[in-house]
>>> print(open('input-v9.txt').read())   # compact mmCIF, N, CA and C atoms
# COMPACT_ATOMS: atom_id res chain seq x y z
N MET A 1 128.17 137.56 59.36
CA MET A 1 128.86 137.20 60.59
C MET A 1 128.50 135.76 60.95
N PRO A 2 129.51 134.92 61.31
CA PRO A 2 129.20 133.53 61.66
C PRO A 2 128.40 133.44 62.94
N ARG A 3 127.60 132.38 63.01
CA ARG A 3 126.79 132.13 64.19
C ARG A 3 127.68 131.78 65.37
N LYS A 4 127.33 132.28 66.56
CA LYS A 4 128.08 131.98 67.78
C LYS A 4 127.96 130.49 68.10
N ARG A 5 129.09 129.85 68.40
CA ARG A 5 129.10 128.42 68.72
C ARG A 5 128.42 128.20 70.07
N SER A 6 127.53 127.21 70.10
CA SER A 6 126.81 126.86 71.32
C SER A 6 127.69 126.01 72.22
N VAL A 7 127.79 126.38 73.48
CA VAL A 7 128.53 125.55 74.43
C VAL A 7 127.64 124.46 75.00
N ALA A 8 126.34 124.65 74.92
CA ALA A 8 125.40 123.63 75.37
C ALA A 8 125.20 122.61 74.26
N LEU A 9 124.72 121.45 74.63
CA LEU A 9 124.42 120.43 73.63
C LEU A 9 123.22 120.85 72.80
N THR A 10 123.33 120.68 71.49
CA THR A 10 122.20 120.98 70.62
C THR A 10 121.28 119.77 70.56
N ASP A 11 120.11 119.97 69.95
CA ASP A 11 119.15 118.87 69.80
C ASP A 11 119.74 117.75 68.96
N GLY A 12 120.60 118.06 68.02
CA GLY A 12 121.22 117.05 67.20
C GLY A 12 122.34 116.30 67.90
N GLU A 13 123.04 116.98 68.81
CA GLU A 13 124.17 116.38 69.51
C GLU A 13 123.75 115.47 70.66
N LEU A 14 122.64 115.79 71.27
CA LEU A 14 122.20 115.05 72.45
C LEU A 14 122.02 113.54 72.20
N PRO A 15 121.39 113.12 71.09
CA PRO A 15 121.28 111.66 70.86
C PRO A 15 122.63 110.96 70.77
N LEU A 16 123.63 111.63 70.19
CA LEU A 16 124.96 111.05 70.10
C LEU A 16 125.56 110.87 71.49
N MET A 17 125.41 111.90 72.31
CA MET A 17 125.94 111.83 73.67
C MET A 17 125.23 110.75 74.48
N ARG A 18 123.93 110.58 74.26
CA ARG A 18 123.19 109.53 74.98
C ARG A 18 123.76 108.15 74.66
N VAL A 19 124.09 107.93 73.39
CA VAL A 19 124.69 106.66 72.99
C VAL A 19 126.03 106.48 73.68
N LEU A 20 126.86 107.53 73.67
CA LEU A 20 128.18 107.43 74.29
C LEU A 20 128.09 107.24 75.80
N TRP A 21 127.16 107.92 76.45
CA TRP A 21 126.99 107.73 77.90
C TRP A 21 126.55 106.30 78.20
N GLU A 22 125.69 105.76 77.37
CA GLU A 22 125.20 104.39 77.59
C GLU A 22 126.30 103.36 77.35
N LYS A 23 127.05 103.53 76.26
CA LYS A 23 128.05 102.54 75.89
C LYS A 23 129.41 102.78 76.55
N GLY A 24 129.70 104.03 76.89
CA GLY A 24 131.01 104.36 77.45
C GLY A 24 132.04 104.71 76.38
N ARG A 25 131.99 104.02 75.25
CA ARG A 25 132.87 104.28 74.12
C ARG A 25 132.24 103.64 72.89
N ALA A 26 132.43 104.28 71.73
CA ALA A 26 131.80 103.72 70.52
C ALA A 26 132.46 104.30 69.28
N THR A 27 132.47 103.49 68.22
CA THR A 27 132.91 103.97 66.92
C THR A 27 131.77 104.79 66.31
N VAL A 28 132.07 105.47 65.21
CA VAL A 28 131.03 106.25 64.54
C VAL A 28 129.88 105.33 64.14
N GLY A 29 130.19 104.19 63.56
CA GLY A 29 129.15 103.24 63.16
C GLY A 29 128.29 102.77 64.31
N GLU A 30 128.92 102.53 65.47
CA GLU A 30 128.16 102.11 66.65
C GLU A 30 127.26 103.24 67.16
N VAL A 31 127.73 104.49 67.03
CA VAL A 31 126.87 105.62 67.42
C VAL A 31 125.67 105.69 66.48
N VAL A 32 125.91 105.57 65.18
CA VAL A 32 124.81 105.58 64.21
C VAL A 32 123.80 104.49 64.56
N ASP A 33 124.29 103.27 64.80
CA ASP A 33 123.41 102.14 65.12
C ASP A 33 122.66 102.35 66.44
N GLY A 34 123.26 103.09 67.36
CA GLY A 34 122.65 103.30 68.67
C GLY A 34 121.57 104.36 68.70
N ILE A 35 121.46 105.14 67.63
CA ILE A 35 120.45 106.19 67.57
C ILE A 35 119.18 105.60 66.97
N GLY A 36 118.10 105.65 67.72
CA GLY A 36 116.84 105.11 67.23
C GLY A 36 115.97 106.19 66.62
N GLY A 37 114.83 105.79 66.18
CA GLY A 37 113.85 106.74 65.67
C GLY A 37 113.88 106.88 64.16
N PRO A 38 112.90 107.61 63.67
CA PRO A 38 112.74 107.73 62.21
C PRO A 38 113.75 108.67 61.55
N HIS A 39 114.40 109.52 62.32
CA HIS A 39 115.32 110.51 61.76
C HIS A 39 116.77 110.17 62.08
N LYS A 40 117.14 108.93 61.81
CA LYS A 40 118.49 108.46 62.10
C LYS A 40 119.48 109.16 61.16
N PRO A 41 120.51 109.80 61.72
CA PRO A 41 121.49 110.48 60.86
C PRO A 41 122.40 109.48 60.14
N VAL A 42 122.99 109.92 59.04
CA VAL A 42 123.90 109.07 58.28
C VAL A 42 125.30 109.16 58.87
N TYR A 43 126.15 108.23 58.48
CA TYR A 43 127.51 108.10 59.01
C TYR A 43 128.28 109.42 58.98
N ASN A 44 128.33 110.08 57.81
CA ASN A 44 129.13 111.31 57.69
C ASN A 44 128.61 112.43 58.58
N THR A 45 127.31 112.50 58.76
CA THR A 45 126.74 113.51 59.65
C THR A 45 127.17 113.25 61.09
N VAL A 46 127.10 111.99 61.51
CA VAL A 46 127.52 111.64 62.87
C VAL A 46 129.00 111.92 63.06
N LEU A 47 129.82 111.59 62.08
CA LEU A 47 131.25 111.87 62.16
C LEU A 47 131.51 113.36 62.34
N THR A 48 130.83 114.19 61.55
CA THR A 48 130.98 115.64 61.66
C THR A 48 130.54 116.13 63.04
N MET A 49 129.43 115.61 63.53
CA MET A 49 128.92 116.04 64.83
C MET A 49 129.86 115.59 65.96
N LEU A 50 130.44 114.41 65.84
CA LEU A 50 131.39 113.96 66.85
C LEU A 50 132.63 114.85 66.86
N ARG A 51 133.07 115.28 65.70
CA ARG A 51 134.20 116.21 65.64
C ARG A 51 133.86 117.53 66.30
N ILE A 52 132.64 118.01 66.09
CA ILE A 52 132.19 119.24 66.75
C ILE A 52 132.15 119.03 68.26
N LEU A 53 131.61 117.89 68.70
CA LEU A 53 131.57 117.59 70.14
C LEU A 53 132.97 117.51 70.72
N GLU A 54 133.91 117.01 69.93
CA GLU A 54 135.29 116.95 70.40
C GLU A 54 135.87 118.37 70.53
N HIS A 55 135.56 119.21 69.57
CA HIS A 55 136.02 120.61 69.63
C HIS A 55 135.41 121.33 70.84
N LYS A 56 134.17 121.00 71.16
CA LYS A 56 133.50 121.60 72.31
C LYS A 56 133.93 120.94 73.63
N GLU A 57 134.79 119.92 73.54
CA GLU A 57 135.33 119.19 74.68
C GLU A 57 134.27 118.40 75.45
N TYR A 58 133.32 117.85 74.69
CA TYR A 58 132.35 116.92 75.27
C TYR A 58 132.82 115.48 75.09
N VAL A 59 133.60 115.23 74.02
CA VAL A 59 134.11 113.88 73.76
C VAL A 59 135.59 113.95 73.39
N THR A 60 136.22 112.80 73.44
CA THR A 60 137.59 112.64 72.94
C THR A 60 137.60 111.35 72.12
N HIS A 61 138.70 111.10 71.44
CA HIS A 61 138.75 109.86 70.66
C HIS A 61 140.12 109.21 70.78
N GLY A 62 140.13 107.92 70.52
CA GLY A 62 141.35 107.13 70.43
C GLY A 62 141.20 106.22 69.22
N LYS A 63 142.20 105.40 69.00
CA LYS A 63 142.14 104.48 67.86
C LYS A 63 142.04 103.05 68.36
N SER A 64 141.24 102.28 67.65
CA SER A 64 141.15 100.84 67.88
C SER A 64 141.28 100.20 66.50
N GLY A 65 142.48 99.72 66.20
CA GLY A 65 142.74 99.26 64.84
C GLY A 65 142.74 100.44 63.90
N ARG A 66 141.90 100.39 62.89
CA ARG A 66 141.80 101.50 61.95
C ARG A 66 140.68 102.47 62.31
N ALA A 67 139.83 102.12 63.26
CA ALA A 67 138.65 102.94 63.59
C ALA A 67 138.94 103.89 64.74
N PHE A 68 138.33 105.07 64.66
CA PHE A 68 138.33 105.98 65.79
C PHE A 68 137.24 105.53 66.75
N VAL A 69 137.57 105.56 68.04
CA VAL A 69 136.61 105.23 69.08
C VAL A 69 136.41 106.49 69.91
N TYR A 70 135.16 106.91 70.05
CA TYR A 70 134.83 108.14 70.77
C TYR A 70 134.36 107.81 72.18
N MET A 71 134.78 108.66 73.14
CA MET A 71 134.42 108.49 74.54
C MET A 71 133.97 109.84 75.10
N PRO A 72 132.94 109.85 75.96
CA PRO A 72 132.52 111.11 76.56
C PRO A 72 133.55 111.61 77.56
N ILE A 73 133.78 112.90 77.56
CA ILE A 73 134.65 113.53 78.55
C ILE A 73 133.82 113.96 79.75
N ILE A 74 132.63 114.46 79.47
CA ILE A 74 131.75 114.88 80.56
C ILE A 74 130.64 113.86 80.73
N ASP A 75 130.18 113.71 81.95
CA ASP A 75 129.10 112.75 82.19
C ASP A 75 127.75 113.45 82.06
N ARG A 76 126.72 112.65 82.14
CA ARG A 76 125.35 113.14 81.95
C ARG A 76 125.00 114.23 82.97
N SER A 77 125.41 114.07 84.22
CA SER A 77 125.05 115.06 85.24
C SER A 77 125.75 116.40 84.97
N GLN A 78 126.98 116.36 84.47
CA GLN A 78 127.66 117.61 84.11
C GLN A 78 126.94 118.30 82.96
N ALA A 79 126.48 117.54 81.99
CA ALA A 79 125.75 118.11 80.86
C ALA A 79 124.42 118.70 81.32
N ARG A 80 123.77 118.04 82.25
CA ARG A 80 122.50 118.57 82.79
C ARG A 80 122.73 119.89 83.51
N ARG A 81 123.78 119.93 84.33
CA ARG A 81 124.08 121.19 85.04
C ARG A 81 124.37 122.31 84.06
N SER A 82 125.11 122.01 83.03
CA SER A 82 125.44 123.01 82.01
C SER A 82 124.17 123.49 81.30
N ALA A 83 123.28 122.56 80.97
CA ALA A 83 122.04 122.92 80.29
C ALA A 83 121.15 123.78 81.18
N VAL A 84 121.07 123.44 82.46
CA VAL A 84 120.26 124.22 83.39
C VAL A 84 120.85 125.62 83.56
N ARG A 85 122.18 125.71 83.67
CA ARG A 85 122.81 127.04 83.77
C ARG A 85 122.50 127.87 82.54
N HIS A 86 122.57 127.24 81.37
CA HIS A 86 122.27 127.92 80.11
C HIS A 86 120.81 128.40 80.09
N LEU A 87 119.89 127.54 80.51
CA LEU A 87 118.47 127.87 80.57
C LEU A 87 118.22 129.01 81.56
N LEU A 88 118.82 128.91 82.74
CA LEU A 88 118.67 129.97 83.75
C LEU A 88 119.15 131.32 83.22
N ASP A 89 120.28 131.30 82.57
CA ASP A 89 120.87 132.53 82.05
C ASP A 89 120.00 133.14 80.95
N ARG A 90 119.52 132.31 80.03
CA ARG A 90 118.78 132.82 78.88
C ARG A 90 117.37 133.27 79.19
N PHE A 91 116.67 132.53 80.05
CA PHE A 91 115.24 132.78 80.21
C PHE A 91 114.79 133.18 81.61
N PHE A 92 115.62 132.97 82.62
CA PHE A 92 115.16 133.16 83.99
C PHE A 92 116.05 134.09 84.81
N ASP A 93 116.78 134.97 84.15
CA ASP A 93 117.62 135.97 84.83
C ASP A 93 118.49 135.37 85.92
N ASN A 94 119.02 134.18 85.66
CA ASN A 94 119.88 133.45 86.61
C ASN A 94 119.19 133.19 87.95
N SER A 95 117.89 133.03 87.94
CA SER A 95 117.13 132.80 89.16
C SER A 95 116.55 131.39 89.18
N PRO A 96 117.14 130.49 89.99
CA PRO A 96 116.57 129.15 90.09
C PRO A 96 115.12 129.15 90.57
N SER A 97 114.77 130.08 91.46
CA SER A 97 113.40 130.11 91.97
C SER A 97 112.40 130.46 90.86
N LEU A 98 112.77 131.36 89.94
CA LEU A 98 111.89 131.66 88.82
C LEU A 98 111.66 130.42 87.95
N LEU A 99 112.71 129.65 87.75
CA LEU A 99 112.59 128.42 86.96
C LEU A 99 111.65 127.44 87.65
N VAL A 100 111.86 127.21 88.94
CA VAL A 100 111.03 126.25 89.67
C VAL A 100 109.58 126.73 89.72
N LEU A 101 109.38 128.01 89.98
CA LEU A 101 108.01 128.54 90.01
C LEU A 101 107.33 128.37 88.67
N ASN A 102 108.05 128.62 87.60
CA ASN A 102 107.49 128.44 86.26
C ASN A 102 107.08 127.00 86.03
N LEU A 103 107.92 126.06 86.44
CA LEU A 103 107.60 124.65 86.28
C LEU A 103 106.36 124.26 87.09
N LEU A 104 106.29 124.76 88.32
CA LEU A 104 105.17 124.42 89.18
C LEU A 104 103.87 125.04 88.69
N GLN A 105 103.94 126.21 88.08
CA GLN A 105 102.74 126.89 87.58
C GLN A 105 102.17 126.21 86.33
N GLN A 106 102.93 125.33 85.70
CA GLN A 106 102.43 124.64 84.53
C GLN A 106 101.28 123.71 84.90
N GLY A 107 101.24 123.27 86.15
CA GLY A 107 100.12 122.47 86.62
C GLY A 107 100.19 120.98 86.31
N ASP A 108 101.20 120.54 85.58
CA ASP A 108 101.27 119.12 85.25
C ASP A 108 102.39 118.41 85.99
N VAL A 109 102.71 118.90 87.18
CA VAL A 109 103.75 118.29 87.99
C VAL A 109 103.11 117.22 88.88
N ASP A 110 103.69 116.05 88.90
CA ASP A 110 103.21 114.94 89.70
C ASP A 110 103.27 115.32 91.18
N PRO A 111 102.20 115.07 91.94
CA PRO A 111 102.21 115.40 93.37
C PRO A 111 103.37 114.77 94.13
N ARG A 112 103.83 113.59 93.71
CA ARG A 112 104.97 112.96 94.37
C ARG A 112 106.24 113.77 94.14
N GLU A 113 106.36 114.37 92.96
CA GLU A 113 107.52 115.22 92.68
C GLU A 113 107.48 116.48 93.54
N ILE A 114 106.30 117.03 93.73
CA ILE A 114 106.18 118.21 94.59
C ILE A 114 106.57 117.85 96.02
N GLU A 115 106.14 116.69 96.49
CA GLU A 115 106.51 116.25 97.84
C GLU A 115 108.02 116.06 97.93
N ARG A 116 108.63 115.50 96.91
CA ARG A 116 110.09 115.32 96.90
C ARG A 116 110.79 116.67 96.94
N LEU A 117 110.27 117.66 96.23
CA LEU A 117 110.84 119.02 96.27
C LEU A 117 110.75 119.60 97.68
N ARG A 118 109.62 119.38 98.33
CA ARG A 118 109.46 119.87 99.72
C ARG A 118 110.51 119.25 100.64
N GLU A 119 110.73 117.95 100.46
CA GLU A 119 111.74 117.26 101.27
C GLU A 119 113.14 117.84 101.02
N LEU A 120 113.46 118.06 99.76
CA LEU A 120 114.78 118.62 99.42
C LEU A 120 114.96 120.03 99.97
N ILE A 121 113.90 120.82 99.90
CA ILE A 121 113.97 122.18 100.46
C ILE A 121 114.16 122.12 101.96
N GLY A 122 113.44 121.22 102.62
CA GLY A 122 113.58 121.05 104.07
C GLY A 122 114.99 120.62 104.44
N GLN A 123 115.56 119.68 103.70
CA GLN A 123 116.93 119.23 103.96
C GLN A 123 117.92 120.37 103.76
N SER A 124 117.70 121.14 102.73
CA SER A 124 118.60 122.26 102.42
C SER A 124 118.57 123.30 103.54
N GLN A 125 117.38 123.57 104.07
CA GLN A 125 117.25 124.54 105.15
C GLN A 125 117.93 124.04 106.42
N GLN A 126 117.81 122.75 106.70
CA GLN A 126 118.44 122.16 107.89
C GLN A 126 119.96 122.20 107.77
N GLU A 127 120.49 121.98 106.58
CA GLU A 127 121.92 122.00 106.38
C GLU A 127 122.51 123.40 106.55
N ARG A 128 121.72 124.42 106.29
CA ARG A 128 122.20 125.80 106.41
C ARG A 128 122.24 126.27 107.86
N ARG A 129 121.52 125.57 108.74
CA ARG A 129 121.47 126.00 110.16
C ARG A 129 122.67 125.58 110.89
>>> encode(input="input-v9.txt", output="structure tokens")
Amino acid sequence: MPRKRSVALTDGELPLMRVLWEKGRATVGEVVDGIGGPHKPVYNTVLTMLRILEHKEYVTHGKSGRAFVYMPIIDRSQARRSAVRHLLDRFFDNSPSLLVLNLLQQGDVDPREIERLRELIGQSQQERR
């Protein structure tokens, strides 16, 4: 039986999307050049992954001369929301509080981030009144 297609970005797709979010639009070669690190994918791999991203409706393409130019359809914040929903569903029984509690229990949260969370919770409570 074939593997179920992931609607979330995979570890391999995320670097490509980061390049597209940064540049706004890029050819396959520009995406390859924009990916740093020791495990830089080759042109054909990036082309295949961009086609998969297009099928998943994360990117679209147009033509510029003879080259295809790829552009993101969704922005970074939409992808983050999708990833968090996926994480909540898979590991935290759709409970945002379980996720936040788990993060806070790790013990490596910056005190300034905890203070920012307190402010956001306070604002949220005031808005509900």
>>> atom_distance(input="input-v9.txt", atom1="atom C of Asn44 of chain A", atom2="atom CA of Lys56 of chain A")
17.2 Å
>>> select_by_dssp(input="input-v9.txt", residues="segment 13-91 of chain A", states="helix (DSSP H, G or I)", output="CSV table (one decimal) with N, CA and C atoms, keeping the file's coordinate frame")
chain,number,residue,atom,x,y,z
A,13,GLU,N,123.0,117.0,68.8
A,13,GLU,CA,124.2,116.4,69.5
A,13,GLU,C,123.8,115.5,70.7
A,14,LEU,N,122.6,115.8,71.3
A,14,LEU,CA,122.2,115.0,72.4
A,14,LEU,C,122.0,113.5,72.2
A,15,PRO,N,121.4,113.1,71.1
A,15,PRO,CA,121.3,111.7,70.9
A,15,PRO,C,122.6,111.0,70.8
A,16,LEU,N,123.6,111.6,70.2
A,16,LEU,CA,125.0,111.0,70.1
A,16,LEU,C,125.6,110.9,71.5
A,17,MET,N,125.4,111.9,72.3
A,17,MET,CA,125.9,111.8,73.7
A,17,MET,C,125.2,110.8,74.5
A,18,ARG,N,123.9,110.6,74.3
A,18,ARG,CA,123.2,109.5,75.0
A,18,ARG,C,123.8,108.2,74.7
A,19,VAL,N,124.1,107.9,73.4
A,19,VAL,CA,124.7,106.7,73.0
A,19,VAL,C,126.0,106.5,73.7
A,20,LEU,N,126.9,107.5,73.7
A,20,LEU,CA,128.2,107.4,74.3
A,20,LEU,C,128.1,107.2,75.8
A,21,TRP,N,127.2,107.9,76.4
A,21,TRP,CA,127.0,107.7,77.9
A,21,TRP,C,126.6,106.3,78.2
A,22,GLU,N,125.7,105.8,77.4
A,22,GLU,CA,125.2,104.4,77.6
A,22,GLU,C,126.3,103.4,77.4
A,23,LYS,N,127.0,103.5,76.3
A,23,LYS,CA,128.0,102.5,75.9
A,23,LYS,C,129.4,102.8,76.6
A,28,VAL,N,132.1,105.5,65.2
A,28,VAL,CA,131.0,106.2,64.5
A,28,VAL,C,129.9,105.3,64.1
A,29,GLY,N,130.2,104.2,63.6
A,29,GLY,CA,129.2,103.2,63.2
A,29,GLY,C,128.3,102.8,64.3
A,30,GLU,N,128.9,102.5,65.5
A,30,GLU,CA,128.2,102.1,66.6
A,30,GLU,C,127.3,103.2,67.2
A,31,VAL,N,127.7,104.5,67.0
A,31,VAL,CA,126.9,105.6,67.4
A,31,VAL,C,125.7,105.7,66.5
A,32,VAL,N,125.9,105.6,65.2
A,32,VAL,CA,124.8,105.6,64.2
A,32,VAL,C,123.8,104.5,64.6
A,33,ASP,N,124.3,103.3,64.8
A,33,ASP,CA,123.4,102.1,65.1
A,33,ASP,C,122.7,102.4,66.4
A,34,GLY,N,123.3,103.1,67.4
A,34,GLY,CA,122.6,103.3,68.7
A,34,GLY,C,121.6,104.4,68.7
A,43,TYR,N,126.2,108.2,58.5
A,43,TYR,CA,127.5,108.1,59.0
A,43,TYR,C,128.3,109.4,59.0
A,44,ASN,N,128.3,110.1,57.8
A,44,ASN,CA,129.1,111.3,57.7
A,44,ASN,C,128.6,112.4,58.6
A,45,THR,N,127.3,112.5,58.8
A,45,THR,CA,126.7,113.5,59.6
A,45,THR,C,127.2,113.2,61.1
A,46,VAL,N,127.1,112.0,61.5
A,46,VAL,CA,127.5,111.6,62.9
A,46,VAL,C,129.0,111.9,63.1
A,47,LEU,N,129.8,111.6,62.1
A,47,LEU,CA,131.2,111.9,62.2
A,47,LEU,C,131.5,113.4,62.3
A,48,THR,N,130.8,114.2,61.6
A,48,THR,CA,131.0,115.6,61.7
A,48,THR,C,130.5,116.1,63.0
A,49,MET,N,129.4,115.6,63.5
A,49,MET,CA,128.9,116.0,64.8
A,49,MET,C,129.9,115.6,66.0
A,50,LEU,N,130.4,114.4,65.8
A,50,LEU,CA,131.4,114.0,66.8
A,50,LEU,C,132.6,114.8,66.9
A,51,ARG,N,133.1,115.3,65.7
A,51,ARG,CA,134.2,116.2,65.6
A,51,ARG,C,133.9,117.5,66.3
A,52,ILE,N,132.6,118.0,66.1
A,52,ILE,CA,132.2,119.2,66.8
A,52,ILE,C,132.2,119.0,68.3
A,53,LEU,N,131.6,117.9,68.7
A,53,LEU,CA,131.6,117.6,70.1
A,53,LEU,C,133.0,117.5,70.7
A,54,GLU,N,133.9,117.0,69.9
A,54,GLU,CA,135.3,117.0,70.4
A,54,GLU,C,135.9,118.4,70.5
A,55,HIS,N,135.6,119.2,69.6
A,55,HIS,CA,136.0,120.6,69.6
A,55,HIS,C,135.4,121.3,70.8
A,76,ARG,N,126.7,112.6,82.1
A,76,ARG,CA,125.4,113.1,82.0
A,76,ARG,C,125.0,114.2,83.0
A,77,SER,N,125.4,114.1,84.2
A,77,SER,CA,125.0,115.1,85.2
A,77,SER,C,125.8,116.4,85.0
A,78,GLN,N,127.0,116.4,84.5
A,78,GLN,CA,127.7,117.6,84.1
A,78,GLN,C,126.9,118.3,83.0
A,79,ALA,N,126.5,117.5,82.0
A,79,ALA,CA,125.8,118.1,80.9
A,79,ALA,C,124.4,118.7,81.3
A,80,ARG,N,123.8,118.0,82.2
A,80,ARG,CA,122.5,118.6,82.8
A,80,ARG,C,122.7,119.9,83.5
A,81,ARG,N,123.8,119.9,84.3
A,81,ARG,CA,124.1,121.2,85.0
A,81,ARG,C,124.4,122.3,84.1
A,82,SER,N,125.1,122.0,83.0
A,82,SER,CA,125.4,123.0,82.0
A,82,SER,C,124.2,123.5,81.3
A,83,ALA,N,123.3,122.6,81.0
A,83,ALA,CA,122.0,122.9,80.3
A,83,ALA,C,121.2,123.8,81.2
A,84,VAL,N,121.1,123.4,82.5
A,84,VAL,CA,120.3,124.2,83.4
A,84,VAL,C,120.8,125.6,83.6
A,85,ARG,N,122.2,125.7,83.7
A,85,ARG,CA,122.8,127.0,83.8
A,85,ARG,C,122.5,127.9,82.5
A,86,HIS,N,122.6,127.2,81.4
A,86,HIS,CA,122.3,127.9,80.1
A,86,HIS,C,120.8,128.4,80.1
A,87,LEU,N,119.9,127.5,80.5
A,87,LEU,CA,118.5,127.9,80.6
A,87,LEU,C,118.2,129.0,81.6
A,88,LEU,N,118.8,128.9,82.7
A,88,LEU,CA,118.7,130.0,83.8
A,88,LEU,C,119.2,131.3,83.2
A,89,ASP,N,120.3,131.3,82.6
A,89,ASP,CA,120.9,132.5,82.0
A,89,ASP,C,120.0,133.1,81.0
A,90,ARG,N,119.5,132.3,80.0
A,90,ARG,CA,118.8,132.8,78.9
A,90,ARG,C,117.4,133.3,79.2
A,91,PHE,N,116.7,132.5,80.0
A,91,PHE,CA,115.2,132.8,80.2
A,91,PHE,C,114.8,133.2,81.6
>>> closest_residue(input="input-v9.txt", among="A:Pro41, A:Ala83, A:Arg25, A:Leu20", to="Ala8 of chain A", atoms="all atoms listed in the file")
A:Ala83
>>> atom_distance(input="input-v9.txt", atom1="atom CA of Val28 of chain A", atom2="atom N of Glu54 of chain A")
12.4 Å
>>> atom_distance(input="input-v9.txt", atom1="atom C of Leu88 of chain A", atom2="atom CA of Leu117 of chain A")
19.8 Å
>>> residues_around(input="input-v9.txt", residues="Pro15 of chain A", least_positions_apart="5", cutoff="8 Å", atoms="only N, CA and C atoms", output="compact mmCIF listing (two decimals) with N, CA and C atoms, keeping the file's coordinate frame")
# COMPACT_ATOMS: atom_id res chain seq x y z
N THR A 10 123.33 120.68 71.49
CA THR A 10 122.20 120.98 70.62
C THR A 10 121.28 119.77 70.56
N LEU A 20 126.86 107.53 73.67
CA LEU A 20 128.18 107.43 74.29
C LEU A 20 128.09 107.24 75.80
N TRP A 21 127.16 107.92 76.45
CA TRP A 21 126.99 107.73 77.90
C TRP A 21 126.55 106.30 78.20
N VAL A 31 127.73 104.49 67.03
CA VAL A 31 126.87 105.62 67.42
C VAL A 31 125.67 105.69 66.48
N GLY A 34 123.26 103.09 67.36
CA GLY A 34 122.65 103.30 68.67
C GLY A 34 121.57 104.36 68.70
N ILE A 35 121.46 105.14 67.63
CA ILE A 35 120.45 106.19 67.57
C ILE A 35 119.18 105.60 66.97
N GLY A 36 118.10 105.65 67.72
CA GLY A 36 116.84 105.11 67.23
C GLY A 36 115.97 106.19 66.62
>>> select_by_dssp(input="input-v9.txt", residues="chain A", states="strand (DSSP E or B)", output="PyMOL selection string")
chain A and resi 26-27+59-64+67-72
>>> decode(input="input-v9.txt", residues="segment 29-33 of chain A", atoms="all heavy atoms", output="PDB file, in the first residue's frame")
ATOM      1  N   GLY A  29      17.380  26.321 -10.287  1.00  0.00           N
ATOM      2  CA  GLY A  29      18.798  26.584 -10.005  1.00  0.00           C
ATOM      3  C   GLY A  29      19.000  27.566  -8.871  1.00  0.00           C
ATOM      4  O   GLY A  29      19.903  27.394  -8.039  1.00  0.00           O
ATOM      5  N   GLU A  30      18.164  28.603  -8.815  1.00  0.00           N
ATOM      6  CA  GLU A  30      18.263  29.585  -7.728  1.00  0.00           C
ATOM      7  C   GLU A  30      17.879  28.963  -6.388  1.00  0.00           C
ATOM      8  O   GLU A  30      18.459  29.309  -5.357  1.00  0.00           O
ATOM      9  CB  GLU A  30      17.378  30.785  -8.031  1.00  0.00           C
ATOM     10  CG  GLU A  30      17.890  31.631  -9.182  1.00  0.00           C
ATOM     11  CD  GLU A  30      16.897  32.679  -9.657  1.00  0.00           C
ATOM     12  OE1 GLU A  30      15.667  32.497  -9.470  1.00  0.00           O
ATOM     13  OE2 GLU A  30      17.357  33.672 -10.249  1.00  0.00           O
ATOM     14  N   VAL A  31      16.912  28.036  -6.409  1.00  0.00           N
ATOM     15  CA  VAL A  31      16.559  27.342  -5.163  1.00  0.00           C
ATOM     16  C   VAL A  31      17.735  26.484  -4.714  1.00  0.00           C
ATOM     17  O   VAL A  31      18.108  26.499  -3.533  1.00  0.00           O
ATOM     18  CB  VAL A  31      15.275  26.499  -5.334  1.00  0.00           C
ATOM     19  CG1 VAL A  31      15.019  25.644  -4.091  1.00  0.00           C
ATOM     20  CG2 VAL A  31      14.064  27.391  -5.610  1.00  0.00           C
ATOM     21  N   VAL A  32      18.339  25.736  -5.638  1.00  0.00           N
ATOM     22  CA  VAL A  32      19.510  24.918  -5.300  1.00  0.00           C
ATOM     23  C   VAL A  32      20.595  25.796  -4.695  1.00  0.00           C
ATOM     24  O   VAL A  32      21.168  25.472  -3.642  1.00  0.00           O
ATOM     25  CB  VAL A  32      20.045  24.166  -6.541  1.00  0.00           C
ATOM     26  CG1 VAL A  32      21.383  23.497  -6.232  1.00  0.00           C
ATOM     27  CG2 VAL A  32      19.045  23.136  -7.039  1.00  0.00           C
ATOM     28  N   ASP A  33      20.896  26.921  -5.343  1.00  0.00           N
ATOM     29  CA  ASP A  33      21.940  27.829  -4.858  1.00  0.00           C
ATOM     30  C   ASP A  33      21.595  28.434  -3.500  1.00  0.00           C
ATOM     31  O   ASP A  33      22.485  28.742  -2.709  1.00  0.00           O
ATOM     32  CB  ASP A  33      22.188  28.957  -5.852  1.00  0.00           C
ATOM     33  CG  ASP A  33      22.841  28.466  -7.142  1.00  0.00           C
ATOM     34  OD1 ASP A  33      23.395  27.342  -7.146  1.00  0.00           O
ATOM     35  OD2 ASP A  33      22.762  29.199  -8.153  1.00  0.00           O
TER      36      ASP A  33
END
